[in-house]
>>> print(open('start_22.pdb').read())   # PDB, C-alpha atoms
ATOM      1  CA  MET R   1       0.000   0.000   0.000
ATOM      2  CA  GLU R   2       2.846   2.401   0.829
ATOM      3  CA  ALA R   3       4.319   1.699  -2.568
ATOM      4  CA  THR R   4       0.942   2.324  -4.127
ATOM      5  CA  LEU R   5       0.779   5.617  -2.274
ATOM      6  CA  GLY R   6       4.045   6.672  -3.812
ATOM      7  CA  LEU R   7       3.318   5.483  -7.321
ATOM      8  CA  ALA R   8      -0.283   6.514  -7.498
ATOM      9  CA  ARG R   9      -1.394   9.180  -9.891
ATOM     10  CA  ARG R  10      -1.728  12.488  -8.103
ATOM     11  CA  VAL R  11      -5.093  14.169  -8.241
ATOM     12  CA  ARG R  12      -6.324  17.554  -7.169
ATOM     13  CA  GLY R  13      -7.304  17.230  -3.519
ATOM     14  CA  GLY R  14      -8.670  20.651  -2.689
ATOM     15  CA  ARG R  15      -7.620  24.028  -1.408
ATOM     16  CA  VAL R  16      -6.617  25.018   2.063
ATOM     17  CA  GLN R  17      -6.233  28.356   3.816
ATOM     18  CA  PHE R  18      -2.587  29.003   4.656
ATOM     19  CA  GLY R  19      -1.983  32.324   6.301
ATOM     20  CA  SER R  20      -3.492  34.993   4.139
ATOM     21  CA  ARG R  21      -3.510  32.990   0.913
ATOM     22  CA  ARG R  22      -5.165  29.820  -0.247
ATOM     23  CA  VAL R  23      -2.895  26.967  -1.219
ATOM     24  CA  SER R  24      -3.897  24.040  -3.373
ATOM     25  CA  PHE R  25      -2.686  20.572  -2.426
ATOM     26  CA  GLU R  26      -2.724  17.219  -4.045
ATOM     27  CA  MET R  27      -3.998  13.969  -2.677
ATOM     28  CA  SER R  28      -3.093  10.668  -4.265
ATOM     29  CA  VAL R  29      -5.748   8.259  -5.513
ATOM     30  CA  ALA R  30      -4.415   5.675  -3.077
ATOM     31  CA  GLU R  31      -4.804   8.079  -0.170
ATOM     32  CA  ARG R  32      -8.380   8.872  -1.220
ATOM     33  CA  LEU R  33      -9.166   5.169  -1.421
ATOM     34  CA  LEU R  34      -7.589   4.580   1.951
ATOM     35  CA  ILE R  35      -9.711   7.293   3.533
ATOM     36  CA  ALA R  36     -12.838   5.947   1.837
ATOM     37  CA  ARG R  37     -12.071   2.502   3.283
ATOM     38  CA  LEU R  38     -11.499   4.073   6.683
ATOM     39  CA  LYS R  39     -14.921   5.665   6.525
ATOM     40  CA  GLU R  40     -16.349   2.228   5.812
ATOM     41  CA  ARG R  41     -14.683   0.981   9.020
ATOM     42  CA  ASP R  42     -12.293  -1.307   7.167
ATOM     43  CA  GLU R  43      -9.900  -2.785   9.726
ATOM     44  CA  GLN R  44      -7.100  -3.247   7.183
ATOM     45  CA  ALA R  45      -7.299   0.445   6.273
ATOM     46  CA  PHE R  46      -7.124   1.289   9.935
ATOM     47  CA  ASN R  47      -3.975  -0.817  10.362
ATOM     48  CA  GLU R  48      -2.493   0.830   7.272
ATOM     49  CA  VAL R  49      -3.061   4.321   8.673
ATOM     50  CA  VAL R  50      -1.440   3.424  11.995
ATOM     51  CA  ARG R  51       1.506   1.859  10.160
ATOM     52  CA  ILE R  52       1.988   4.915   7.939
ATOM     53  CA  HIS R  53       1.422   7.656  10.513
ATOM     54  CA  GLY R  54       2.019   5.912  13.861
ATOM     55  CA  ASP R  55       5.683   6.830  14.278
ATOM     56  CA  LYS R  56       5.121  10.458  13.319
ATOM     57  CA  VAL R  57       2.221  10.882  15.724
ATOM     58  CA  PHE R  58       4.018   9.080  18.534
ATOM     59  CA  SER R  59       7.178  11.105  17.991
ATOM     60  CA  LEU R  60       5.252  14.397  17.993
ATOM     61  CA  VAL R  61       3.340  13.512  21.135
ATOM     62  CA  TYR R  62       6.423  12.172  22.928
ATOM     63  CA  ARG R  63       8.416  15.326  22.254
ATOM     64  CA  MET R  64       5.528  17.574  23.214
ATOM     65  CA  ILE R  65       4.736  15.738  26.462
ATOM     66  CA  GLY R  66       8.205  14.449  27.356
ATOM     67  CA  ASN R  67       6.976  11.345  29.127
ATOM     68  CA  ARG R  68       6.899   8.004  27.391
ATOM     69  CA  ALA R  69       3.973   6.425  29.215
ATOM     70  CA  GLU R  70       1.838   9.545  28.831
ATOM     71  CA  ALA R  71       2.863   9.822  25.184
ATOM     72  CA  GLU R  72       1.902   6.233  24.448
ATOM     73  CA  ASP R  73      -1.464   6.695  26.044
ATOM     74  CA  LEU R  74      -2.075  10.002  24.289
ATOM     75  CA  ALA R  75      -0.936   8.798  20.866
ATOM     76  CA  GLN R  76      -3.394   5.919  21.146
ATOM     77  CA  GLU R  77      -6.067   8.427  22.085
ATOM     78  CA  VAL R  78      -5.208  10.462  18.976
ATOM     79  CA  PHE R  79      -5.865   7.467  16.708
ATOM     80  CA  VAL R  80      -9.066   6.602  18.520
ATOM     81  CA  THR R  81     -10.211  10.198  17.905
ATOM     82  CA  VAL R  82      -9.126  10.012  14.278
ATOM     83  CA  PHE R  83     -11.211   6.900  13.667
ATOM     84  CA  LYS R  84     -14.157   8.318  15.570
ATOM     85  CA  THR R  85     -14.145  11.545  13.575
ATOM     86  CA  VAL R  86     -12.905  10.367  10.173
ATOM     87  CA  ASP R  87     -16.399  10.839   8.730
ATOM     88  CA  GLY R  88     -15.891  14.570   9.284
ATOM     89  CA  PHE R  89     -12.699  14.653   7.192
ATOM     90  CA  ARG R  90     -13.720  16.425   4.005
ATOM     91  CA  GLY R  91     -10.356  16.396   2.262
ATOM     92  CA  GLU R  92      -9.821  20.140   2.610
ATOM     93  CA  SER R  93      -6.333  19.508   3.909
ATOM     94  CA  LYS R  94      -3.880  16.649   3.668
ATOM     95  CA  PHE R  95      -4.903  13.660   5.758
ATOM     96  CA  SER R  96      -1.486  13.654   7.442
ATOM     97  CA  THR R  97      -1.783  17.288   8.534
ATOM     98  CA  TRP R  98      -5.383  16.765   9.660
ATOM     99  CA  LEU R  99      -4.151  13.888  11.793
ATOM    100  CA  LEU R 100      -1.261  15.929  13.195
ATOM    101  CA  ARG R 101      -3.652  18.778  13.983
ATOM    102  CA  ILE R 102      -5.703  16.381  16.099
ATOM    103  CA  ALA R 103      -2.491  15.202  17.758
ATOM    104  CA  ALA R 104      -1.400  18.791  18.444
ATOM    105  CA  ASN R 105      -4.758  19.653  20.028
ATOM    106  CA  HIS R 106      -4.620  16.544  22.184
ATOM    107  CA  CYS R 107      -1.100  17.495  23.260
ATOM    108  CA  LYS R 108      -2.135  21.012  24.244
ATOM    109  CA  ASN R 109      -5.038  19.705  26.284
ATOM    110  CA  ARG R 110      -2.905  17.047  27.981
ATOM    111  CA  MET R 111      -0.157  19.591  28.733
ATOM    112  CA  LYS R 112      -2.675  21.839  30.453
ATOM    113  CA  TYR R 113      -3.998  18.878  32.410
ATOM    114  CA  LEU R 114      -0.512  17.738  33.390
ATOM    115  CA  ALA R 115       0.514  21.258  34.380
ATOM    116  CA  ARG R 116      -2.426  21.334  36.774
ATOM    117  CA  ARG R 117      -1.650  17.869  38.116
ATOM    118  CA  ARG R 118       2.134  18.042  38.217
ATOM    119  CA  THR R 119       3.694  17.726  41.619
ATOM    120  CA  ASP R 120       7.261  16.860  40.641
ATOM    121  CA  GLY R 121       9.182  17.398  37.426
ATOM    122  CA  GLY R 122       8.986  13.976  35.807
ATOM    123  CA  GLY R 123       9.947  14.895  32.266
ATOM    124  CA  LEU R 124      11.548  12.407  29.921
ATOM    125  CA  ASP R 125      11.811   8.942  31.464
ATOM    126  CA  ASP R 126      13.545   9.486  34.741
ATOM    127  CA  MET R 127      15.133   6.058  34.952
ATOM    128  CA  PRO R 128      18.521   5.928  33.237
ATOM    129  CA  GLU R 129      17.685   2.410  32.036
ATOM    130  CA  GLY R 130      14.550   3.768  30.383
ATOM    131  CA  ALA R 131      16.507   6.478  28.668
ATOM    132  CA  MET R 132      19.064   3.961  27.514
ATOM    133  CA  ALA R 133      16.410   1.701  26.098
ATOM    134  CA  ASP R 134      14.748   4.645  24.385
ATOM    135  CA  ALA R 135      17.986   5.772  22.809
ATOM    136  CA  GLY R 136      18.499   2.250  21.525
ATOM    137  CA  ARG R 137      15.001   2.241  20.042
ATOM    138  CA  ALA R 138      15.531   5.348  17.934
ATOM    139  CA  PRO R 139      14.439   4.500  14.369
ATOM    140  CA  MET R 140      17.645   5.620  12.713
ATOM    141  CA  GLN R 141      19.702   3.323  14.975
ATOM    142  CA  SER R 142      20.268   0.191  12.922
ATOM    143  CA  HIS R 143      23.217  -1.196  14.923
ATOM    144  CA  ILE R 144      24.047  -1.637  18.593
ATOM    145  CA  ASP R 145      26.423   1.014  19.923
ATOM    146  CA  ALA R 146      28.886   0.686  22.774
ATOM    147  CA  PRO R 147      27.429   1.412  26.244
ATOM    148  CA  ASP R 148      29.272   4.726  26.602
ATOM    149  CA  VAL R 149      27.984   5.884  23.215
ATOM    150  CA  LEU R 150      24.455   4.860  24.201
ATOM    151  CA  LEU R 151      24.808   6.672  27.504
ATOM    152  CA  GLU R 152      26.035   9.783  25.757
ATOM    153  CA  ALA R 153      23.195   9.600  23.240
ATOM    154  CA  ALA R 154      20.671   9.137  26.039
ATOM    155  CA  GLU R 155      22.153  12.068  27.940
ATOM    156  CA  LEU R 156      22.052  14.268  24.856
ATOM    157  CA  GLU R 157      18.481  13.233  24.149
ATOM    158  CA  ARG R 158      17.507  14.040  27.716
ATOM    159  CA  LEU R 159      19.192  17.440  27.468
ATOM    160  CA  MET R 160      17.467  18.238  24.167
ATOM    161  CA  GLN R 161      14.123  17.193  25.628
ATOM    162  CA  ARG R 162      14.651  19.426  28.659
ATOM    163  CA  ALA R 163      15.475  22.273  26.301
ATOM    164  CA  ILE R 164      12.208  21.718  24.418
ATOM    165  CA  GLU R 165      10.321  21.659  27.699
ATOM    166  CA  THR R 166      11.501  25.185  28.525
ATOM    167  CA  LEU R 167       9.300  26.432  25.671
ATOM    168  CA  ASP R 168       5.619  27.237  25.939
ATOM    169  CA  GLU R 169       3.206  24.967  24.053
ATOM    170  CA  GLU R 170       2.964  27.094  20.890
ATOM    171  CA  HIS R 171       6.726  27.451  20.441
ATOM    172  CA  ARG R 172       7.259  23.818  21.396
ATOM    173  CA  LEU R 173       4.815  22.661  18.749
ATOM    174  CA  LEU R 174       6.543  24.670  16.027
ATOM    175  CA  VAL R 175      10.003  23.386  16.945
ATOM    176  CA  VAL R 176       8.807  19.784  17.058
ATOM    177  CA  LEU R 177       6.942  20.050  13.763
ATOM    178  CA  ARG R 178       9.784  21.737  11.938
ATOM    179  CA  ASP R 179      12.992  20.407  13.463
ATOM    180  CA  VAL R 180      11.960  16.990  14.753
ATOM    181  CA  GLU R 181       9.252  15.984  12.276
ATOM    182  CA  GLU R 182      10.808  18.014   9.448
ATOM    183  CA  LEU R 183       7.525  19.337   8.080
ATOM    184  CA  SER R 184       7.489  22.127   5.501
ATOM    185  CA  TYR R 185       6.295  25.592   6.526
ATOM    186  CA  GLU R 186       3.162  24.992   4.474
ATOM    187  CA  GLU R 187       2.349  21.803   6.392
ATOM    188  CA  ILE R 188       3.094  23.522   9.707
ATOM    189  CA  GLY R 189       0.639  26.229   8.657
ATOM    190  CA  GLU R 190      -2.030  23.587   8.077
ATOM    191  CA  VAL R 191      -1.401  21.972  11.447
ATOM    192  CA  SER R 192      -1.047  25.111  13.556
ATOM    193  CA  GLY R 193      -3.336  27.455  11.605
ATOM    194  CA  LEU R 194      -0.672  30.181  11.765
ATOM    195  CA  PRO R 195       0.554  32.312   8.850
ATOM    196  CA  GLU R 196       4.031  31.600   7.490
ATOM    197  CA  GLY R 197       5.569  34.821   8.812
ATOM    198  CA  THR R 198       4.398  34.125  12.356
ATOM    199  CA  ILE R 199       5.652  30.548  12.155
ATOM    200  CA  LYS R 200       9.096  31.689  11.052
ATOM    201  CA  SER R 201       9.500  34.384  13.673
ATOM    202  CA  ARG R 202       8.240  32.154  16.506
ATOM    203  CA  LEU R 203      10.361  29.265  15.327
ATOM    204  CA  HIS R 204      13.435  31.485  15.347
ATOM    205  CA  ARG R 205      12.733  32.613  18.913
ATOM    206  CA  ALA R 206      12.162  29.000  19.973
ATOM    207  CA  ARG R 207      15.395  27.813  18.371
ATOM    208  CA  MET R 208      17.333  30.667  20.002
ATOM    209  CA  THR R 209      15.889  29.716  23.400
ATOM    210  CA  ILE R 210      16.970  26.100  22.895
ATOM    211  CA  LYS R 211      20.411  27.206  21.749
ATOM    212  CA  GLU R 212      20.813  29.396  24.854
ATOM    213  CA  TYR R 213      19.663  26.583  27.112
ATOM    214  CA  LEU R 214      22.096  24.099  25.585
ATOM    215  CA  ALA R 215      24.945  26.612  25.646
ATOM    216  CA  ARG R 216      24.373  27.236  29.360
ATOM    217  CA  ARG R 217      24.280  23.497  30.127
ATOM    218  CA  THR R 218      27.272  22.463  28.069
ATOM    219  CA  ARG R 219      29.720  25.282  28.719
TER     220      ARG R 219
ATOM    221  CA  MET D 220      25.418  44.623  10.081
ATOM    222  CA  ASP D 221      25.453  44.368  13.903
ATOM    223  CA  HIS D 222      25.331  41.264  16.138
ATOM    224  CA  HIS D 223      21.591  41.512  16.675
ATOM    225  CA  GLY D 224      20.878  41.780  12.943
ATOM    226  CA  ALA D 225      23.104  38.784  12.277
ATOM    227  CA  ARG D 226      21.443  36.638  14.943
ATOM    228  CA  GLU D 227      18.012  37.433  13.560
ATOM    229  CA  MET D 228      19.055  35.798  10.300
ATOM    230  CA  PHE D 229      20.286  32.522  11.779
ATOM    231  CA  SER D 230      17.065  30.588  11.203
ATOM    232  CA  SER D 231      16.646  31.653   7.587
ATOM    233  CA  PHE D 232      20.354  31.033   6.992
ATOM    234  CA  VAL D 233      20.234  27.512   8.423
ATOM    235  CA  ASP D 234      17.019  26.762   6.499
ATOM    236  CA  GLY D 235      18.657  28.036   3.294
ATOM    237  CA  GLU D 236      15.930  30.609   2.859
ATOM    238  CA  LEU D 237      18.011  33.768   3.009
ATOM    239  CA  GLY D 238      18.071  35.939  -0.095
ATOM    240  CA  GLU D 239      21.343  36.328  -1.992
ATOM    241  CA  THR D 240      22.098  39.860  -0.728
ATOM    242  CA  SER D 241      21.255  39.125   2.912
ATOM    243  CA  ARG D 242      23.239  35.903   2.820
ATOM    244  CA  ARG D 243      26.313  37.706   1.509
ATOM    245  CA  GLU D 244      25.956  40.424   4.157
ATOM    246  CA  LEU D 245      25.692  37.830   6.896
ATOM    247  CA  GLU D 246      28.658  35.867   5.607
ATOM    248  CA  GLN D 247      30.748  39.043   5.533
ATOM    249  CA  HIS D 248      29.772  39.791   9.120
ATOM    250  CA  LEU D 249      30.542  36.222  10.189
ATOM    251  CA  GLU D 250      34.005  36.437   8.675
ATOM    252  CA  ALA D 251      34.797  39.397  10.863
ATOM    253  CA  CYS D 252      32.880  38.437  14.032
ATOM    254  CA  ILE D 253      34.010  35.417  16.034
ATOM    255  CA  GLN D 254      31.204  35.878  18.566
ATOM    256  CA  CYS D 255      28.491  35.509  15.929
ATOM    257  CA  ARG D 256      30.381  32.654  14.316
ATOM    258  CA  THR D 257      30.432  30.778  17.613
ATOM    259  CA  GLU D 258      26.761  31.500  18.183
ATOM    260  CA  LEU D 259      25.869  30.299  14.709
ATOM    261  CA  GLU D 260      27.764  27.088  15.374
ATOM    262  CA  GLU D 261      25.822  26.569  18.619
ATOM    263  CA  PHE D 262      22.603  27.366  16.766
ATOM    264  CA  ARG D 263      23.362  24.791  14.073
ATOM    265  CA  ARG D 264      24.189  22.185  16.713
ATOM    266  CA  ALA D 265      20.893  22.828  18.504
ATOM    267  CA  VAL D 266      18.824  22.521  15.327
ATOM    268  CA  GLY D 267      20.784  19.445  14.241
ATOM    269  CA  GLY D 268      20.271  17.845  17.663
ATOM    270  CA  LEU D 269      16.522  18.310  17.389
ATOM    271  CA  ALA D 270      16.471  16.376  14.123
ATOM    272  CA  ARG D 271      17.806  13.342  15.988
ATOM    273  CA  LEU D 272      14.876  13.272  18.401
ATOM    274  CA  LYS D 273      12.540  11.301  16.138
ATOM    275  CA  HIS D 274      11.133   8.349  17.998
ATOM    276  CA  ALA D 275       9.481   5.204  16.689
ATOM    277  CA  ALA D 276       6.219   4.055  18.205
ATOM    278  CA  PRO D 277       6.516   0.975  20.426
ATOM    279  CA  ASP D 278       5.765  -2.440  18.917
ATOM    280  CA  SER D 279       2.647  -2.764  21.019
ATOM    281  CA  PHE D 280       1.224   0.463  19.608
ATOM    282  CA  LEU D 281      -1.113  -0.957  16.949
ATOM    283  CA  PRO D 282      -2.506  -3.851  19.016
ATOM    284  CA  LYS D 283      -3.201  -1.484  21.915
ATOM    285  CA  ILE D 284      -5.157   0.926  19.702
ATOM    286  CA  GLN D 285      -7.096  -1.952  18.165
ATOM    287  CA  GLU D 286      -7.923  -3.212  21.622
ATOM    288  CA  GLN D 287      -9.056   0.224  22.798
ATOM    289  CA  ILE D 288     -11.285   0.717  19.780
ATOM    290  CA  PHE D 289     -12.722  -2.771  20.082
ATOM    291  CA  VAL D 290     -13.461  -2.371  23.782
ATOM    292  CA  ARG D 291     -14.871   1.141  23.519
ATOM    293  CA  SER D 292     -17.118   0.337  20.571
ATOM    294  CA  ARG D 293     -18.023  -3.048  22.061
ATOM    295  CA  GLY D 294     -16.782  -4.675  18.898
ATOM    296  CA  ARG D 295     -18.989  -2.634  16.617
ATOM    297  CA  PHE D 296     -16.436  -0.271  15.077
ATOM    298  CA  PHE D 297     -14.893  -2.414  12.389
ATOM    299  CA  ALA D 298     -17.234  -3.433   9.594
ATOM    300  CA  GLY D 299     -15.880  -6.993   9.340
ATOM    301  CA  ARG D 300     -16.009  -7.679  13.036
ATOM    302  CA  TRP D 301     -19.419  -6.064  13.302
ATOM    303  CA  LYS D 302     -20.910  -8.440  10.746
ATOM    304  CA  LEU D 303     -19.423 -11.543  12.305
ATOM    305  CA  PHE D 304     -19.185 -10.924  16.002
ATOM    306  CA  GLY D 305     -20.485  -7.495  16.924
ATOM    307  CA  ARG D 306     -24.046  -8.488  17.588
ATOM    308  CA  ILE D 307     -23.661 -12.237  17.811
ATOM    309  CA  PRO D 308     -26.169 -12.966  20.524
ATOM    310  CA  PHE D 309     -29.138 -11.353  18.814
ATOM    311  CA  GLU D 310     -28.583 -11.832  15.114
ATOM    312  CA  TRP D 311     -27.039 -15.287  15.106
ATOM    313  CA  VAL D 312     -29.361 -16.666  17.763
ATOM    314  CA  SER D 313     -32.463 -15.405  15.951
ATOM    315  CA  LEU D 314     -31.198 -16.879  12.674
ATOM    316  CA  ALA D 315     -30.596 -20.224  14.367
ATOM    317  CA  MET D 316     -34.088 -20.128  15.857
ATOM    318  CA  ILE D 317     -35.691 -19.430  12.486
ATOM    319  CA  ILE D 318     -33.835 -22.355  10.922
ATOM    320  CA  ALA D 319     -34.765 -24.637  13.826
ATOM    321  CA  MET D 320     -38.439 -23.668  13.572
ATOM    322  CA  LEU D 321     -38.373 -24.236   9.840
ATOM    323  CA  VAL D 322     -36.858 -27.696  10.238
ATOM    324  CA  TYR D 323     -39.327 -28.574  12.993
ATOM    325  CA  TYR D 324     -42.251 -27.383  10.874
ATOM    326  CA  ILE D 325     -41.134 -29.425   7.828
ATOM    327  CA  ILE D 326     -40.631 -32.572   9.925
ATOM    328  CA  ARG D 327     -44.030 -32.241  11.587
ATOM    329  CA  LEU D 328     -45.727 -31.459   8.296
ATOM    330  CA  ARG D 329     -44.376 -34.639   6.712
ATOM    331  CA  GLY D 330     -45.334 -36.859   9.649
ATOM    332  CA  ALA D 331     -48.747 -35.356  10.338
ATOM    333  CA  PRO D 332     -51.914 -36.604   8.683
ATOM    334  CA  THR D 333     -53.262 -34.214   6.112
ATOM    335  CA  GLY D 334     -56.733 -34.437   7.545
ATOM    336  CA  VAL D 335     -58.185 -34.850   4.082
ATOM    337  CA  ARG D 336     -60.073 -38.076   3.616
ATOM    338  CA  PRO D 337     -60.132 -39.646   0.236
ATOM    339  CA  ALA D 338     -63.519 -39.559  -1.341
ATOM    340  CA  LEU D 339     -65.372 -42.877  -1.214
TER     341      LEU D 339
END
>>> encode(input="start_22.pdb", output="structure tokens")
Amino acid sequence: MEATLGLARRVRGGRVQFGSRRVSFEMSVAERLLIARLKERDEQAFNEVVRIHGDKVFSLVYRMIGNRAEAEDLAQEVFVTVFKTVDGFRGESKFSTWLLRIAANHCKNRMKYLARRRTDGGGLDDMPEGAMADAGRAPMQSHIDAPDVLLEAAELERLMQRAIETLDEEHRLLVVLRDVEELSYEEIGEVSGLPEGTIKSRLHRARMTIKEYLARRTR
Amino acid sequence: MDHHGAREMFSSFVDGELGETSRRELEQHLEACIQCRTELEEFRRAVGGLARLKHAAPDSFLPKIQEQIFVRSRGRFFAGRWKLFGRIPFEWVSLAMIIAMLVYYIIRLRGAPTGVRPAL
């Protein structure tokens, strides 16, 4: 199916508001078919969607929330919401950005809830073993590194996560979408609903904050 | 160009979105300013570090979502499952009862006298 998605003929999907202008986007025939099957409650289509978008959603939620258990729970909740509301998807934006928008809204709500509930600062997995295991699970890691390399990677990951957590939810979302998920500014506009200029200026401020944080911690 | 002006361009510079003139101005400033050069290096490292934070979903991710959806919808969400198992007790039991009644009726009808006497 993924191959079909790539090879499929591209068709006009619709137009979406992006900042002050309207941007047209394309949706593949395969993606349209997949969504149609989803609306018919096809279990295979459901599995396909989780396989295609699962990592992206989980990664976004994990970096926004900073806690693995919470992220797992929330990412599952995102997909449950997606399948409950898929009938309302009218194809006015890309399916992937629609899905990420749902994820972003869930994250914001959960962050507010956690901020109210938080008693101690349990950010990224507090157990070193957990961090080690997480570093080892990173998708780009195709071989097993030496323990000291893993430890260093886990420490760096923890530091980067702490840096992200110094940002407020809006800035955090932009940094995660752009620098972690590597979305284009257009896609970020669809997810966040912000105009391109605002995205760029906020993203710059967020990156500078992270840079300052890291510089202070590593000097 | 001053330090502040240079720093404001870091994001666009790193993203490769700076116009030709601005890029040249920034590069000239960077050549002369070690402070901004160091800061740009730190900036690049921060942005590069973020790109390595992608995280794969756990292996149990899909089964857990399936389970949640199945439990919450009481097995009625997926079309396939709905037809076969979603409403088992009512639909399958009533179908079985209809078949049983039909079989019983046919058997009784065959065995029972017609009640019609042949004409003498």
>>> resolve_selection(input="start_22.pdb", expression="the PyMOL selection byres ((chain R) within 9 of (chain D))", output="number ranges by chain")
R: 40-43, 46-47, 50-51, 54-60, 62-63, 72, 75-77, 79-80, 83-84, 134-135, 137-140, 156-157, 160-161, 164, 175-176, 178-182, 200-201, 203-205, 207-208, 210-212, 214-215
>>> atom_distance(input="start_22.pdb", atom1="CA of Ala163 in chain R", atom2="CA of Asn67 in chain R")
14.1 Å
>>> resolve_selection(input="start_22.pdb", expression="the PyMOL selection byres ((chain R and resi 85) around 12)", output="number ranges by chain")
R: 35, 38-39, 41, 78-84, 86-90, 98-99, 102
>>> closest_residue(input="start_22.pdb", among="R:Ala36, R:Leu159, R:Ile65, R:Ala153", to="Tyr113 in chain R", atoms="only C-alpha atoms")
R:Ile65
>>> build_atoms(input="start_22.pdb", residues="range 314-333 of chain D", atoms="N, CA and C atoms", output="JSON list (two decimals), keeping the file's coordinate frame")
[["chain", "number", "residue", "atom", "x", "y", "z"],
["D", 314, "LEU", "N", -31.32, -16.12, 13.93],
["D", 314, "LEU", "CA", -31.20, -16.88, 12.67],
["D", 314, "LEU", "C", -31.28, -18.38, 12.95],
["D", 315, "ALA", "N", -30.59, -18.80, 14.00],
["D", 315, "ALA", "CA", -30.60, -20.22, 14.37],
["D", 315, "ALA", "C", -32.01, -20.67, 14.74],
["D", 316, "MET", "N", -32.72, -19.79, 15.44],
["D", 316, "MET", "CA", -34.09, -20.13, 15.86],
["D", 316, "MET", "C", -35.02, -20.27, 14.66],
["D", 317, "ILE", "N", -34.85, -19.37, 13.69],
["D", 317, "ILE", "CA", -35.69, -19.43, 12.49],
["D", 317, "ILE", "C", -35.45, -20.75, 11.76],
["D", 318, "ILE", "N", -34.17, -21.11, 11.61],
["D", 318, "ILE", "CA", -33.84, -22.36, 10.92],
["D", 318, "ILE", "C", -34.42, -23.55, 11.68],
["D", 319, "ALA", "N", -34.25, -23.53, 13.01],
["D", 319, "ALA", "CA", -34.76, -24.64, 13.83],
["D", 319, "ALA", "C", -36.28, -24.78, 13.68],
["D", 320, "MET", "N", -36.97, -23.65, 13.69],
["D", 320, "MET", "CA", -38.44, -23.67, 13.57],
["D", 320, "MET", "C", -38.86, -24.21, 12.21],
["D", 321, "LEU", "N", -38.07, -23.79, 11.20],
["D", 321, "LEU", "CA", -38.37, -24.24, 9.84],
["D", 321, "LEU", "C", -38.21, -25.75, 9.72],
["D", 322, "VAL", "N", -37.13, -26.25, 10.27],
["D", 322, "VAL", "CA", -36.86, -27.70, 10.24],
["D", 322, "VAL", "C", -37.95, -28.45, 10.99],
["D", 323, "TYR", "N", -38.29, -27.95, 12.17],
["D", 323, "TYR", "CA", -39.33, -28.57, 12.99],
["D", 323, "TYR", "C", -40.66, -28.60, 12.25],
["D", 324, "TYR", "N", -40.99, -27.50, 11.60],
["D", 324, "TYR", "CA", -42.25, -27.38, 10.87],
["D", 324, "TYR", "C", -42.30, -28.39, 9.72],
["D", 325, "ILE", "N", -41.19, -28.49, 8.97],
["D", 325, "ILE", "CA", -41.13, -29.42, 7.83],
["D", 325, "ILE", "C", -41.29, -30.86, 8.31],
["D", 326, "ILE", "N", -40.56, -31.20, 9.40],
["D", 326, "ILE", "CA", -40.63, -32.57, 9.93],
["D", 326, "ILE", "C", -42.05, -32.91, 10.37],
["D", 327, "ARG", "N", -42.67, -32.00, 11.09],
["D", 327, "ARG", "CA", -44.03, -32.24, 11.59],
["D", 327, "ARG", "C", -45.03, -32.34, 10.45],
["D", 328, "LEU", "N", -44.79, -31.50, 9.43],
["D", 328, "LEU", "CA", -45.73, -31.46, 8.30],
["D", 328, "LEU", "C", -45.70, -32.79, 7.55],
["D", 329, "ARG", "N", -44.51, -33.36, 7.44],
["D", 329, "ARG", "CA", -44.38, -34.64, 6.71],
["D", 329, "ARG", "C", -45.05, -35.78, 7.48],
["D", 330, "GLY", "N", -44.84, -35.77, 8.82],
["D", 330, "GLY", "CA", -45.33, -36.86, 9.65],
["D", 330, "GLY", "C", -46.83, -36.76, 9.95],
["D", 331, "ALA", "N", -47.36, -35.57, 9.91],
["D", 331, "ALA", "CA", -48.75, -35.36, 10.34],
["D", 331, "ALA", "C", -49.74, -35.77, 9.25],
["D", 332, "PRO", "N", -50.88, -36.28, 9.68],
["D", 332, "PRO", "CA", -51.91, -36.60, 8.68],
["D", 332, "PRO", "C", -52.45, -35.33, 8.06],
["D", 333, "THR", "N", -52.80, -35.41, 6.82],
["D", 333, "THR", "CA", -53.26, -34.21, 6.11],
["D", 333, "THR", "C", -54.65, -33.80, 6.56]]
